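So this block is target.csv, CSV, C-alpha atoms:
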```csv
chain,number,residue,atom,x,y,z
A,168,MET,CA,-3.4,-10.2,26.5
A,169,PRO,CA,-3.3,-6.7,25.0
A,170,ILE,CA,-2.1,-6.5,21.4
A,171,SER,CA,-0.5,-3.6,19.8
A,172,VAL,CA,-2.8,-2.4,17.0
A,173,ALA,CA,-2.7,0.4,14.5
A,174,PHE,CA,-6.1,1.4,13.1
A,175,LEU,CA,-6.1,3.4,9.8
A,176,GLY,CA,-9.4,5.0,8.7
A,177,LEU,CA,-12.0,6.4,11.1
A,178,GLY,CA,-15.1,6.6,8.9
A,179,ALA,CA,-18.7,6.0,10.0
A,180,ILE,CA,-18.0,2.3,10.7
A,181,GLY,CA,-14.2,2.5,11.4
A,182,ALA,CA,-14.5,5.0,14.3
A,183,PRO,CA,-16.8,2.8,16.5
A,184,MET,CA,-14.7,-0.2,15.6
A,185,ALA,CA,-11.6,1.5,16.8
A,186,ALA,CA,-13.4,2.7,20.0
A,187,HIS,CA,-14.2,-1.0,20.9
A,188,LEU,CA,-10.5,-1.9,20.4
A,189,ALA,CA,-9.5,0.9,22.8
A,190,ARG,CA,-12.1,-0.1,25.4
A,191,ALA,CA,-11.0,-3.7,25.2
A,192,GLY,CA,-7.6,-2.7,26.4
A,193,HIS,CA,-5.6,-3.2,23.3
A,194,LEU,CA,-2.6,-0.9,22.8
A,195,LEU,CA,-4.2,1.1,20.1
A,196,THR,CA,-2.8,3.8,17.8
A,197,ILE,CA,-5.2,5.5,15.4
A,198,TRP,CA,-4.8,7.6,12.2
A,199,ASN,CA,-7.1,9.3,9.8
A,200,ARG,CA,-6.5,11.5,6.8
A,201,THR,CA,-8.5,14.3,8.7
A,202,THR,CA,-6.6,14.6,12.0
A,203,ALA,CA,-9.4,16.3,13.8
A,204,ARG,CA,-11.6,13.2,13.3
A,205,ALA,CA,-9.0,11.1,15.1
A,206,THR,CA,-8.3,13.6,17.9
A,207,GLY,CA,-12.1,14.0,18.5
A,208,SER,CA,-12.9,10.3,18.3
A,209,ALA,CA,-14.2,8.0,21.0
A,210,ALA,CA,-11.1,5.9,20.6
A,211,ALA,CA,-8.9,8.8,21.5
A,212,ALA,CA,-11.1,9.5,24.5
A,213,ALA,CA,-10.7,5.9,25.5
A,214,GLY,CA,-6.9,6.2,25.5
A,215,ALA,CA,-5.8,5.5,21.9
A,216,ARG,CA,-2.7,7.4,20.7
A,217,VAL,CA,-3.4,9.7,17.8
A,218,ALA,CA,-0.6,9.2,15.2
A,219,THR,CA,0.8,12.0,13.1
A,220,SER,CA,1.0,9.9,10.0
A,221,ALA,CA,0.1,6.4,8.8
A,222,ALA,CA,3.8,5.4,9.1
A,223,ASP,CA,3.9,6.7,12.7
A,224,ALA,CA,0.7,4.7,13.5
A,225,VAL,CA,2.2,1.4,12.6
A,226,ARG,CA,5.7,1.8,14.0
A,227,ASP,CA,5.0,-0.4,17.1
A,228,ALA,CA,2.1,-2.4,15.9
A,229,GLU,CA,1.7,-6.2,15.7
A,230,ILE,CA,-1.5,-5.9,13.7
A,231,VAL,CA,-2.5,-3.1,11.3
A,232,ILE,CA,-6.2,-2.6,10.5
A,233,THR,CA,-7.2,-0.6,7.4
A,234,CYS,CA,-10.9,0.5,7.1
A,235,LEU,CA,-11.1,2.7,4.0
A,236,PRO,CA,-13.7,3.3,1.3
A,237,GLU,CA,-12.2,0.9,-1.3
A,238,SER,CA,-9.2,-1.3,-2.1
A,239,SER,CA,-7.6,1.4,-4.3
A,240,ASP,CA,-7.4,3.6,-1.2
A,241,VAL,CA,-5.5,0.9,0.6
A,242,ALA,CA,-3.1,0.4,-2.3
A,243,GLU,CA,-2.6,4.2,-2.6
A,244,LEU,CA,-2.0,4.6,1.1
A,245,LEU,CA,0.7,1.8,1.0
A,246,ALA,CA,2.4,3.4,-2.0
A,247,ALA,CA,2.1,7.1,-1.1
A,248,ALA,CA,5.5,8.6,-0.5
A,249,ASP,CA,4.2,11.2,1.9
A,250,HIS,CA,2.9,8.5,4.3
A,251,ALA,CA,5.9,6.1,3.9
A,252,LEU,CA,3.6,3.3,5.2
A,253,LEU,CA,5.1,0.5,3.1
A,254,LYS,CA,8.6,1.3,4.4
A,255,ALA,CA,7.3,1.5,8.0
A,256,LEU,CA,5.9,-2.0,7.9
A,257,ARG,CA,8.2,-4.7,9.4
A,258,PRO,CA,8.4,-8.4,8.8
A,259,GLY,CA,6.1,-10.3,11.1
A,260,MET,CA,3.3,-7.7,11.1
A,261,LEU,CA,-0.2,-8.7,9.9
A,262,LEU,CA,-2.4,-6.3,7.9
A,263,VAL,CA,-6.1,-6.9,8.4
A,264,ASP,CA,-8.1,-5.1,5.7
A,265,CYS,CA,-11.6,-4.3,6.8
A,266,THR,CA,-12.3,-2.2,3.7
A,267,SER,CA,-15.2,-3.3,1.5
A,268,GLY,CA,-12.8,-4.0,-1.3
A,269,ASP,CA,-12.3,-6.1,-4.4
A,270,PRO,CA,-10.6,-9.5,-4.4
A,271,ASP,CA,-8.1,-8.8,-7.2
A,272,THR,CA,-6.6,-5.7,-5.6
A,273,SER,CA,-6.5,-7.5,-2.3
A,274,ARG,CA,-4.5,-10.4,-3.8
A,275,ARG,CA,-2.1,-7.9,-5.3
A,276,ILE,CA,-1.7,-6.1,-2.0
A,277,ALA,CA,-1.1,-9.4,-0.2
A,278,SER,CA,1.6,-10.4,-2.8
A,279,ASP,CA,3.4,-7.0,-2.3
A,280,LEU,CA,3.3,-7.4,1.5
A,281,ALA,CA,4.4,-11.0,1.4
A,282,ALA,CA,7.6,-9.8,-0.4
A,283,ILE,CA,8.5,-7.9,2.7
A,284,GLY,CA,7.4,-10.5,5.2
A,285,VAL,CA,4.1,-8.9,6.2
A,286,GLY,CA,0.9,-11.0,6.3
A,287,PHE,CA,-2.5,-10.0,5.0
A,288,ILE,CA,-6.1,-11.1,5.4
A,289,ASP,CA,-9.2,-9.4,3.9
A,290,ALA,CA,-11.8,-8.9,6.6
A,291,PRO,CA,-14.7,-6.8,5.4
A,292,VAL,CA,-17.6,-6.2,7.9
A,293,SER,CA,-21.4,-6.2,7.7
A,294,GLY,CA,-23.8,-4.7,10.1
A,295,GLY,CA,-23.6,-1.0,9.4
A,296,VAL,CA,-23.1,1.8,11.8
A,297,ALA,CA,-25.5,0.2,14.3
A,298,GLY,CA,-23.5,-3.0,14.3
A,299,ALA,CA,-20.2,-1.2,14.6
A,300,GLU,CA,-21.5,0.8,17.6
A,301,ALA,CA,-22.9,-2.3,19.3
A,302,GLY,CA,-19.8,-4.4,18.6
A,303,THR,CA,-21.8,-7.0,16.7
A,304,LEU,CA,-20.4,-6.8,13.2
A,305,THR,CA,-20.1,-9.9,11.0
A,306,VAL,CA,-16.6,-10.2,9.8
A,307,MET,CA,-15.9,-12.1,6.5
A,308,VAL,CA,-12.3,-13.3,6.4
A,309,GLY,CA,-10.3,-14.4,3.4
A,310,GLY,CA,-6.8,-15.7,3.8
A,311,PRO,CA,-4.7,-18.2,5.8
A,312,ALA,CA,-6.5,-19.8,8.8
A,313,ASP,CA,-3.5,-19.2,11.0
A,314,ALA,CA,-3.5,-15.5,10.2
A,315,LEU,CA,-7.2,-15.3,11.2
A,316,GLU,CA,-6.5,-17.0,14.5
A,317,ARG,CA,-3.7,-14.5,15.2
A,318,ALA,CA,-6.2,-11.6,14.5
A,319,ARG,CA,-9.2,-13.2,16.2
A,320,PRO,CA,-8.6,-11.6,19.7
A,321,VAL,CA,-8.6,-8.2,17.9
A,322,LEU,CA,-11.6,-8.9,15.7
A,323,GLU,CA,-13.6,-10.2,18.6
A,324,SER,CA,-13.5,-6.7,20.1
A,325,PHE,CA,-16.0,-5.4,17.6
A,326,ALA,CA,-17.5,-8.6,16.0
A,327,GLY,CA,-20.5,-10.7,16.9
A,328,LYS,CA,-19.7,-13.3,14.2
A,329,ILE,CA,-16.4,-14.1,12.5
A,330,VAL,CA,-16.5,-16.4,9.4
A,331,HIS,CA,-13.5,-17.8,7.6
A,332,CYS,CA,-14.8,-17.6,4.0
A,333,GLY,CA,-11.8,-19.1,2.2
A,334,ALA,CA,-8.6,-18.0,0.5
A,335,LEU,CA,-7.3,-14.5,0.0
A,336,GLY,CA,-10.1,-12.3,-1.6
A,337,ALA,CA,-12.9,-14.6,-0.4
A,338,GLY,CA,-14.1,-12.2,2.3
A,339,HIS,CA,-14.2,-9.3,-0.2
A,340,ALA,CA,-16.0,-11.4,-2.8
A,341,LEU,CA,-18.7,-12.4,-0.3
A,342,LYS,CA,-19.1,-8.9,1.0
A,343,ALA,CA,-19.7,-7.6,-2.5
A,344,VAL,CA,-22.3,-10.3,-3.2
A,345,ASN,CA,-24.0,-9.6,0.0
A,346,ASN,CA,-24.3,-5.9,-0.8
A,347,ALA,CA,-25.4,-6.6,-4.3
A,348,LEU,CA,-28.3,-8.5,-2.8
A,349,LEU,CA,-29.0,-5.6,-0.5
A,350,ALA,CA,-29.2,-3.4,-3.6
A,351,LEU,CA,-31.6,-5.8,-5.2
A,352,HIS,CA,-33.8,-6.0,-2.1
A,353,LEU,CA,-34.0,-2.2,-1.8
A,354,TRP,CA,-34.9,-1.6,-5.4
A,355,SER,CA,-37.3,-4.5,-5.9
A,356,THR,CA,-39.1,-3.7,-2.6
A,357,ALA,CA,-39.5,-0.1,-3.7
A,358,GLU,CA,-40.9,-1.1,-7.1
A,359,GLY,CA,-43.3,-3.6,-5.4
A,360,LEU,CA,-44.6,-1.0,-2.9
A,361,VAL,CA,-45.1,1.6,-5.6
A,362,ALA,CA,-47.0,-0.9,-7.7
A,363,ALA,CA,-49.2,-1.9,-4.7
A,364,MET,CA,-49.7,1.8,-3.8
A,365,LYS,CA,-50.9,2.6,-7.3
A,366,ALA,CA,-53.3,-0.4,-7.0
A,367,GLY,CA,-54.8,1.1,-3.9
A,368,VAL,CA,-52.8,-0.6,-1.1
A,369,ALA,CA,-51.2,1.6,1.5
A,370,PRO,CA,-47.4,1.1,1.8
A,371,GLN,CA,-47.7,0.2,5.5
A,372,VAL,CA,-50.4,-2.4,4.8
A,373,ALA,CA,-48.3,-3.9,2.0
A,374,LEU,CA,-45.2,-4.1,4.3
A,375,ASP,CA,-47.3,-5.7,7.1
A,376,VAL,CA,-48.3,-8.5,4.7
A,377,ILE,CA,-44.9,-8.8,3.0
A,378,ASN,CA,-43.1,-9.0,6.3
A,379,ALA,CA,-45.3,-11.9,7.4
A,380,SER,CA,-44.9,-13.6,4.1
A,381,SER,CA,-42.3,-15.0,1.8
A,382,GLY,CA,-41.3,-11.7,0.1
A,383,ARG,CA,-39.7,-10.3,3.2
A,384,SER,CA,-36.1,-9.1,3.5
A,385,ASN,CA,-34.0,-7.0,5.8
A,386,ALA,CA,-34.9,-4.1,3.6
A,387,SER,CA,-38.7,-4.6,4.0
A,388,MET,CA,-38.5,-5.5,7.7
A,389,ASN,CA,-36.2,-2.7,8.8
A,390,LEU,CA,-35.1,-0.2,6.2
A,391,PHE,CA,-38.5,0.6,4.8
A,392,PRO,CA,-40.4,1.0,8.0
A,393,GLU,CA,-37.7,2.9,9.8
A,394,ARG,CA,-36.4,5.1,7.0
A,395,VAL,CA,-38.5,5.1,3.8
A,396,LEU,CA,-42.0,5.4,5.3
A,397,THR,CA,-40.8,8.0,7.9
A,398,GLY,CA,-38.7,10.0,5.4
A,399,ALA,CA,-35.7,9.7,7.8
A,400,PHE,CA,-32.6,8.9,5.8
A,401,PRO,CA,-29.7,8.9,8.3
A,402,ARG,CA,-26.2,8.8,6.6
A,403,THR,CA,-25.1,5.4,7.7
A,404,PHE,CA,-23.7,4.0,4.4
A,405,ARG,CA,-23.3,6.0,1.3
A,406,LEU,CA,-25.1,5.0,-1.9
A,407,ALA,CA,-21.7,5.6,-3.7
A,408,LEU,CA,-20.2,2.7,-1.7
A,409,LEU,CA,-23.2,0.4,-2.3
A,410,ALA,CA,-22.9,1.1,-6.1
A,411,LYS,CA,-19.2,0.3,-5.8
A,412,ASP,CA,-19.9,-3.0,-4.1
A,413,ALA,CA,-22.6,-4.0,-6.5
A,414,GLY,CA,-20.2,-3.3,-9.3
A,415,ILE,CA,-17.5,-5.5,-7.7
A,416,ALA,CA,-20.1,-8.3,-7.4
A,417,ALA,CA,-21.1,-7.9,-11.1
A,418,SER,CA,-17.4,-7.9,-12.2
A,419,LEU,CA,-16.7,-10.9,-10.1
A,420,ALA,CA,-19.5,-12.9,-11.7
A,421,ARG,CA,-18.4,-11.8,-15.2
A,422,ALA,CA,-14.9,-12.9,-14.5
A,423,GLN,CA,-16.2,-16.3,-13.4
A,424,LYS,CA,-18.3,-16.5,-16.6
A,425,SER,CA,-21.3,-17.1,-14.3
A,426,ALA,CA,-24.7,-16.2,-15.7
A,427,SER,CA,-25.7,-13.2,-13.5
A,428,PRO,CA,-28.3,-11.0,-15.1
A,429,THR,CA,-29.7,-9.8,-11.8
A,430,LEU,CA,-26.3,-9.0,-10.4
A,431,GLN,CA,-25.5,-7.0,-13.5
A,432,LEU,CA,-28.8,-5.2,-13.2
A,433,ALA,CA,-28.1,-4.4,-9.6
A,434,ALA,CA,-24.8,-2.8,-10.5
A,435,ASP,CA,-26.4,-0.8,-13.3
A,436,LEU,CA,-29.3,0.4,-11.2
A,437,MET,CA,-27.0,1.5,-8.3
A,438,ARG,CA,-24.7,3.2,-10.7
A,439,ILE,CA,-27.7,5.1,-12.2
A,440,ALA,CA,-29.0,6.0,-8.8
A,441,HIS,CA,-25.5,7.2,-7.7
A,442,LEU,CA,-25.2,9.4,-10.8
A,443,GLU,CA,-28.7,10.8,-10.3
A,444,LEU,CA,-28.6,11.4,-6.5
A,445,GLY,CA,-24.9,12.3,-5.9
A,446,ASP,CA,-22.0,11.2,-3.7
A,447,GLU,CA,-23.3,12.0,-0.3
A,448,VAL,CA,-26.8,10.4,-0.1
A,449,ASP,CA,-27.4,7.3,2.0
A,450,HIS,CA,-27.9,4.0,0.2
A,451,VAL,CA,-31.6,3.7,1.2
A,452,GLU,CA,-32.2,7.0,-0.7
A,453,ALA,CA,-31.9,5.0,-3.9
A,454,VAL,CA,-35.6,4.3,-3.3
A,455,THR,CA,-36.4,8.0,-4.0
A,456,LEU,CA,-35.4,7.5,-7.6
A,457,VAL,CA,-37.9,4.7,-8.0
A,458,GLU,CA,-40.5,7.1,-6.5
A,459,ARG,CA,-39.5,9.9,-8.8
A,460,TRP,CA,-39.9,7.7,-11.9
A,461,ALA,CA,-43.3,6.5,-10.7
A,462,GLY,CA,-44.5,9.9,-9.7
A,463,VAL,CA,-45.5,8.9,-6.1
A,464,GLU,CA,-44.0,8.9,-2.6
A,465,LEU,CA,-44.2,6.1,-0.1
A,466,ARG,CA,-44.1,8.3,3.0
A,467,SER,CA,-46.8,7.6,5.5
```

Could you spell out this file's structure in structure tokens?
Amino acid sequence: MPISVAFLGLGAIGAPMAAHLARAGHLLTIWNRTTARATGSAAAAAGARVATSAADAVRDAEIVITCLPESSDVAELLAAADHALLKALRPGMLLVDCTSGDPDTSRRIASDLAAIGVGFIDAPVSGGVAGAEAGTLTVMVGGPADALERARPVLESFAGKIVHCGALGAGHALKAVNNALLALHLWSTAEGLVAAMKAGVAPQVALDVINASSGRSNASMNLFPERVLTGAFPRTFRLALLAKDAGIAASLARAQKSASPTLQLAADLMRIAHLELGDEVDHVEAVTLVERWAGVELRS
């Protein structure tokens, strides 16, 4: 049965997610800070109503999905007087936060929403723009199992895999750890290829061997052949956001008093790369800083 859904935040991943919801036949209303992005979206073309404000978007919704850069954006949107979102939410609604956020802020948001009778689950996604466009995202859910089951028909519109990770905040914790590992794979593969290149091994030859051996990763198998060796760096996921996620993973490990030198290193390296390369570069472009330091390029 169609479900009334409000989708807030039409970024690179949010926009195709919303389009899948509209095509699946859900009663969708969309909102974005930049109105033109909403009116020109595939979701609008598929029949979604474009709201004039976040409060307008949620007025008839059963489920509200947020997909913003970070948890602080969700908290600020809820609190902002000009959007009046918190006052527009009604008891019985469920907010599904697909932001790549942090567990502590998610739990605070959940507590604030519970006080007015609104449910909350954190449901960050993995799979990038390609997965969002294909409708094959992995959704990592933290929160009550019954809330997940209520949201499942909506999530299935854009997900290939839905995993209940645990209590509130567990989805955001796991997403941060996953992205910290992505950061480590990117950086360590770049260092390894640079070292091999300086020893006389062509990067493509090195990747052919690594990808048939135990050192392979998604970075070596996909990101390096498709982007680094070709010099094509499509803007699919900003380095600034990867640095944020690695920082969340490092903070989480410190809070748990867990020995985590490599997670801390990943956060430091991504922060340095972000500061050096700027806000708008893609996450894979962190590799160019390794190249700069080594004085070589891995392009074929």

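Of the residues under consideration (A:Glu464, A:Glu393, A:Asp289, A:Glu243), A:Asp289 shows the shortest atom-to-atom contact distance to A:Val231 when counting all atoms listed in the file.
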
List as a ChimeraX atom specification the protein and nucleic acid residues near stretch 340-355 of chain A, meaning an atom at most 10 Å away when all atoms listed in the file are counted, but skip any in the same chain fewer than 5 places from it. /A:266-271,289-293,306-309,332-333,335,360-361,382-387,390-391,406,408-420,429-434,436-437,450-457

Tell me which of A:Ala312, A:Val395, A:Arg402, A:Ala426 sits closest to A:Glu447, counting all atoms listed in the file.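 Among the listed residues, the smallest separation from A:Glu447 belongs to A:Arg402.
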
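Taking atom CA of A:Arg204 and atom CA of A:Val217 as endpoints, the distance between them is 10.0 Å.
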
Nearest residue to A:Ala222 from the set A:Glu358, A:Leu253, A:Gly462, A:Pro236 (distances using all atoms listed in the file):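 Smallest distance to A:Ala222 is found for A:Leu253.
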
Using only C-alpha atoms, which of A:Asp446, A:Asp279, A:Glu323, A:Glu229 sits nearest A:Gly302?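 Among the listed residues, the smallest separation from A:Gly302 belongs to A:Glu323.
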
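For the residues A:Leu245, A:Met388, A:Ala203, A:Ala209, ranking by smallest atom-to-atom distance to A:Gln371 using all atoms listed in the file places A:Met388 first.
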